[in-house]
Every structure is written in structure tokens, then in C-alpha cells.
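Engineer: Questions regarding the structure given below will be posed in turn.
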2 protein chains.
Amino acid sequence: MSASLTRIKKDFTQGLSQISRFWGFPKGMGAIFAVLYLSPMPLSLDEIVQETGLTKGAISTEIRALARMGLVHRSSRLGDRKDYYEAESDFYAAIRSILKERQNSEFDRAIRSVRGTLETMEANWVDDEEWNFVYERVQALQEFFDAIDSLTMAVVKLEKLGFSNVTKILSVLK
Amino acid sequence: MSASLTRIKKDFTQGLSQISRFWGFPKGMGAIFAVLYLSPMPLSLDEIVQETGLTKGAISTEIRALARMGLVHRSSRLGDRKDYYEAESDFYAAIRSILKERQNSEFDRAIRSVRGTLETMEANWVDDEEWNFVYERVQALQEFFDAIDSLTMAVVKLEKLGFSNVTKILSVLK
DNA sequence: ATGAGTGTTTAGTACTTACTAAACGCAGTA
DNA sequence: TACTGCGTTTAGTAAGTACTAAACACTCAT
């Protein structure tokens with residue numbers, strides 16, 4: 001029976017909420033995305049209110065964050081003052097957008113500060129035993145971050161090429 | 001002068017604190033790891049107290065989490081009742097350990113619930129238009145998660161092979 | 001045993017954050 | 001101009017979290 005479809009939607013929404021919270025986003029964010037993702041047509045803000053149980057205000061702010069990440073798209077119809085929202089279903093497009101956004105985040109600022117540490121050490125070098133040790137350690141961490149960054153870029157490029165490349169990567173590592 | 005070494009350590013520690021917070025860990029965790037990572041020798045709990053300014057209690061609990069993730073190792077010396085802690089410097093080893101831990105986390109539980117949704121839909125199938133739509137969407141998300149998981153495993157295998165493979169991956173995608 | 005020196009646990013606190021409720025601004029319409 | 005129907009902003013709240021301070025438990029030495 002189709003009555004259980006609402007139940008399935010609810011379960012799915014709850015799952016995405018937890019995943020959202022796990023990644024450090026508000027759980028409401030995951031709920032909003034889930035509702036949009038399972039909807040065949042774009043939804044208005046009030047419809048999202050009804051589906052999620054959140055208030056307009058919360059949805060207003062959180063949907064903007066989702067849009068900034070490229071996970072939802074806002075559209076408007078002529079002669080209709082409502083805005084309509086739909087989920088991005090191409091996750092690779094979303095990931096690329098998220099990673100682009102990340103460039104300006106606190107995270108990259110912090111990582112750059114590690115590189116800055118290296119540079120200041122090089123600038124006024126002291127040939128001390130501990131100094132050398134610290135330098136090597138910081139350098140190793142920097143290299144690790146760079147590796148992660150390279151991998152990230154690899155994933156971004158994946159978006160252009162499609163799914164099969166993951167298995168391609170795996171075969172390379174075999 | 002070596003006086004600025006303490007300054008460099010402090011800057012580095014603060015950087016790692018922010019990175020830690022970004023990933024959803026307490027910032028004190030990053031600070032503890034940073035202090036250990038830059039120390040040429042293992043440190044006792046009291047020494048960590050002095051370096052970080054945190055209290056014994058906080059360090060006690062947070063260092064256990066770090067140890068569980070494989071980011072620090074605890075050791076004890078004969079005739080010395082203190083425990084000593086040192087940072088894991090092989091980050092790939094740490095990553096593998098973290099990913100192993102992740103298997104039991106809320107994240108994977110949530111992802112499994114998505115797969116569960118698919119299975120219950122298949123079990124009592126309804127040939128409804130919306131039903132089909134929802135099923136396809138959930139399935140697409142599932143495939144995306146699987147791809148991420150494959151990539152994760154690729155990174156885990158990387159640990160065995162060393163750094164150069166990241167560039168190798170990039171060359172494949174070229 | 002007693003005491004000193006460990007790490008651990010617990011109760012409480014300051015702070016952050018996700019959210020609500022309601023005021024607000026801003027269009028289009030009468 | 002006032003009104004209606006939107007989305008947005010803001011003030012306040014409830015809950016979670018990282019941390020402190022202090023009590024606690026354990027181990028070894030005397």
C-alpha cells in the first residue's frame with residue numbers, strides 16, 4: 001500500500017538527519033534536503049515547513065546554506081511570489097561545489113597557518129637539535145595535508161568522468 | 001634565537017586546535033596531539049597539563065579518545081608510575097585506525113539504514129509512479145555512498161604503498 | 001597499614017548551537 | 001495608501017558540549 005510511502009520517507013529523512021549531524025551540520029539541514037530529495041517536484045517553503053515540522057525561520061537560514069553548498073536550487077515561477085526549492089541529484093556536482101566553498105573556510109585557513117609555520121622557521125633558521133626535530137615534524141604534517149588535498153582534487157576531477165573511475169583507482173592500487 | 005621555538009610551538013598548537021574543531025573534535029584534543037607531536041620524547045600527563053593549560057581530567061579522557069583512534073600511544077617505564085604518551089607520526093597508520101573505528105559509528109549505522117530503506121521497498125513493492133521515483137532516488141544515494149566507501153578503502157590501501165600513489169591516482173585521471 | 005603520587009570519574013559551569021516565536025521588510029494588489 | 005502574502009532577521013530558549021575543580025581509586029614505597 002502507498003500509505004507506507006510516508007513511513008519510508010520519514011525513515012529516510014531521519015537517516016539523512018543523522019548523517020548530517022555526523023558531518024557537523026545541523027540535523028535539520030539533513031531533514032530539509034531529504035524531503036526535497038524525495039519530492040518529484042520543487043517544494044515551497046511552507047510545504048517544507050509542513051513536511052519537516054521546522055519553522056520558516058530555521059528553514060530560511062538553513063536552506064541558504066544548502067544552496068551555497070550547491071545541494072539545493074531555488075527557483076521562482078512567474079506570477080507566483082513563492083520560491084520553490086529542489087534538491088541537487090548529481091552528488092558529484094554538489095561535492096565539487098562544497099569543496100570550492102571549503103577553500104574559504106576556517107579549515108583551509110588553519111592548514112595555511114601550518115605552512116606559515118614552516119616558512120617562518122625557514123626564514124629565521126636556528127641549527128638547533130630540537131629546532132630540526134620540530135621542523136621535520138611540521139613538514140611531515142604539511143606533506144600529509146598536501147596528499148589529502150591532492151586526493152581531494154582527484155575526487156573533484158572524478159565528477160567529470162563518472163562512477164567507473166573509483167574502481168579504476170582501486171585497480172591501480174592493486 | 002631558540003626563544004621563538006616556544007612561540008612556534010604555540011602557533012602550531014593553535015592551528016591544530018582549529019583543525020580539530022573543524023572536524024568535530026574538541027579543540028583540546030588537537031592541542032594535546034600537537035604538543036605530543038612536537039615533543040622529541042614521550043610526555044607525562046603532568047607535562048601535558050603544563051604545556052596545554054588543560055586540567056588532568058580533561059586530558060585523561062581526551063587522550064583516551066586519541067589513543068582509541070591510534071593517534072597517540074601510551075607507554076610506561078619500569079620503576080616509574082607515570083604513564084608516558086607520544087604521538088603517532090605515521091598518519092596513514094592513524095587514518096587506517098580511525099576508519100576502522102568508524103565502522104561502528106553512528107555514521108555507518110545511518111548509512112546502513114539507507115540500504116535498509118531500499119530493502120524494505122523491494123520487499124513490499126508497489127508499482128506506483130511516486131514509489132518508483134523515490135526508489136530511484138534512494139538507490140542513487142546508496143550508489144554514491146558506495147562510491148565514497150570504495151574511495152575510502154582505496155585510501156586505506158594507500159597506507160601500505162606510500163605517498164607516491166596519490167600522484168599515481170592523479171595521473172590515471174588525467 | 002599509611003601515605004604519596006598516579007590516573008579516573010563526577011558534579012558543576014560557561015559556552016556554543018540549533019531551534020522557536022515573533023517582529024520586520026518588501027513586494028504585488030486592491 | 002493600506003493590505004496580504006511572502007521570505008528574512010532577531011531575540012530568546014532549550015539542549016548539548018568542552019572544560020574545571022575536586023573527590024575518588026589504585027599502586028607502590030616506606
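Identifiers for the C-alpha cells are assigned positionally: chains receive A, B, ... in sequence, residues are indexed from 1 per chain, and ligands are indexed from 1 in the order shown.
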Residues of chain C near chain A: apply a cut-off of 10 Å, count only C-alpha atoms (C1' of nucleotides), and supply the list as an MDAnalysis selection string.

Structural biologist: chainID C and resid 17:21 27:28

Engineer: Let me see the file: selected residues, C-alpha atoms (C1' of nucleotides), as a tab-separated table (two decimals), in the first residue's frame.

Structural biologist:
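Output contents, as saved in again07.tsv:
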```
chain	number	residue	atom	x	y	z
C	17	DT	C1'	24.42	25.94	18.91
C	18	DA	C1'	20.01	24.62	16.81
C	19	DC	C1'	15.87	25.99	17.05
C	20	DT	C1'	11.26	28.73	18.02
C	21	DA	C1'	8.34	32.68	18.06
C	27	DA	C1'	6.91	43.04	-2.97
C	28	DG	C1'	2.33	42.99	-5.64
```

Engineer: Can you list every residue of chain D that has an atom at most 10 Å from chain B, with its nearest atom pair and the distance in Å to one decimal, using only C-alpha atoms (C1' of nucleotides), ordered by chain then number, as a tab-separated table?

Structural biologist:
```
residue	atom	partner	partner_atom	distance
D:DT17	C1'	B:Pro26	CA	8.8
D:DA18	C1'	B:Pro26	CA	6.7
D:DC19	C1'	B:Ala58	CA	6.8
D:DT20	C1'	B:Thr55	CA	7.1
D:DA21	C1'	B:Thr55	CA	9.0
D:DT27	C1'	B:Arg81	CA	8.1
D:DC28	C1'	B:Arg81	CA	8.2
```

Engineer: When you get a sec, could you note down which chain B residues fall within 6 Å of chain A, using only C-alpha atoms, as a list in words?

Structural biologist: Gly15, Ile19, Leu38, Phe107, Ala110, Val134, Ala154 and Leu170 of chain B

Engineer: Name the residues of chain A that fall into strand (DSSP E or B) according to DSSP on the backbone, using the chain letters and numbers of this document, as a ChimeraX atom specification.

Structural biologist: /A:43-44,72-76,83-87

Engineer: Could you write those residues out with C-alpha atoms, as an mmCIF file, in the first residue's frame?

Structural biologist:
```
data_model
loop_
_atom_site.group_PDB
_atom_site.id
_atom_site.type_symbol
_atom_site.label_atom_id
_atom_site.label_comp_id
_atom_site.auth_asym_id
_atom_site.auth_seq_id
_atom_site.Cartn_x
_atom_site.Cartn_y
_atom_site.Cartn_z
ATOM 1 C CA LEU A 43 8.556 22.498 -2.920
ATOM 2 C CA SER A 44 7.685 25.854 -1.465
ATOM 3 C CA VAL A 72 19.553 22.588 -3.357
ATOM 4 C CA HIS A 73 18.472 25.032 -6.009
ATOM 5 C CA ARG A 74 15.970 27.812 -5.595
ATOM 6 C CA SER A 75 13.661 28.808 -8.401
ATOM 7 C CA SER A 76 10.656 31.073 -8.822
ATOM 8 C CA ASP A 83 10.115 30.484 -4.069
ATOM 9 C CA TYR A 84 10.487 26.834 -4.922
ATOM 10 C CA TYR A 85 13.298 24.577 -3.898
ATOM 11 C CA GLU A 86 14.576 21.328 -5.326
ATOM 12 C CA ALA A 87 17.432 19.038 -4.410
#
```

Engineer: Between CA of Asn132 in chain A and CA of Glu119 in chain A, what distance in Å does the model show, to one decimal?

Structural biologist: 13.7 Å

Engineer: Quick one: residues within 12 Å of Arg68 in chain A, only C-alpha atoms (C1' of nucleotides) counted, chain neighbours fewer than 3 positions away excluded, as a count of residues only?

Structural biologist: 19

Engineer: Going by DSSP on the backbone, which residues of range 120-152 of chain B come out as helix (DSSP H, G or I)? List them as a PyMOL selection string.

Structural biologist: chain B and resi 120-123+129-152

Engineer: Show me, as a list in words, the residues that have an atom within 8 Å of DT8 in chain C when counting only C-alpha atoms (C1' of nucleotides), minus same-chain residues fewer than 5 positions from it.

Structural biologist: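 Residues meeting the cut-off are Gly57 and Ser60 of chain B; DC24 and DA25 of chain D.
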
Engineer: Can you work out the spacing between C1' of DA29 in chain D and CA of Glu47 in chain B in Å, to one decimal?

Structural biologist: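 C1' of DA29 in chain D sits 23.4 Å away from CA of Glu47 in chain B.
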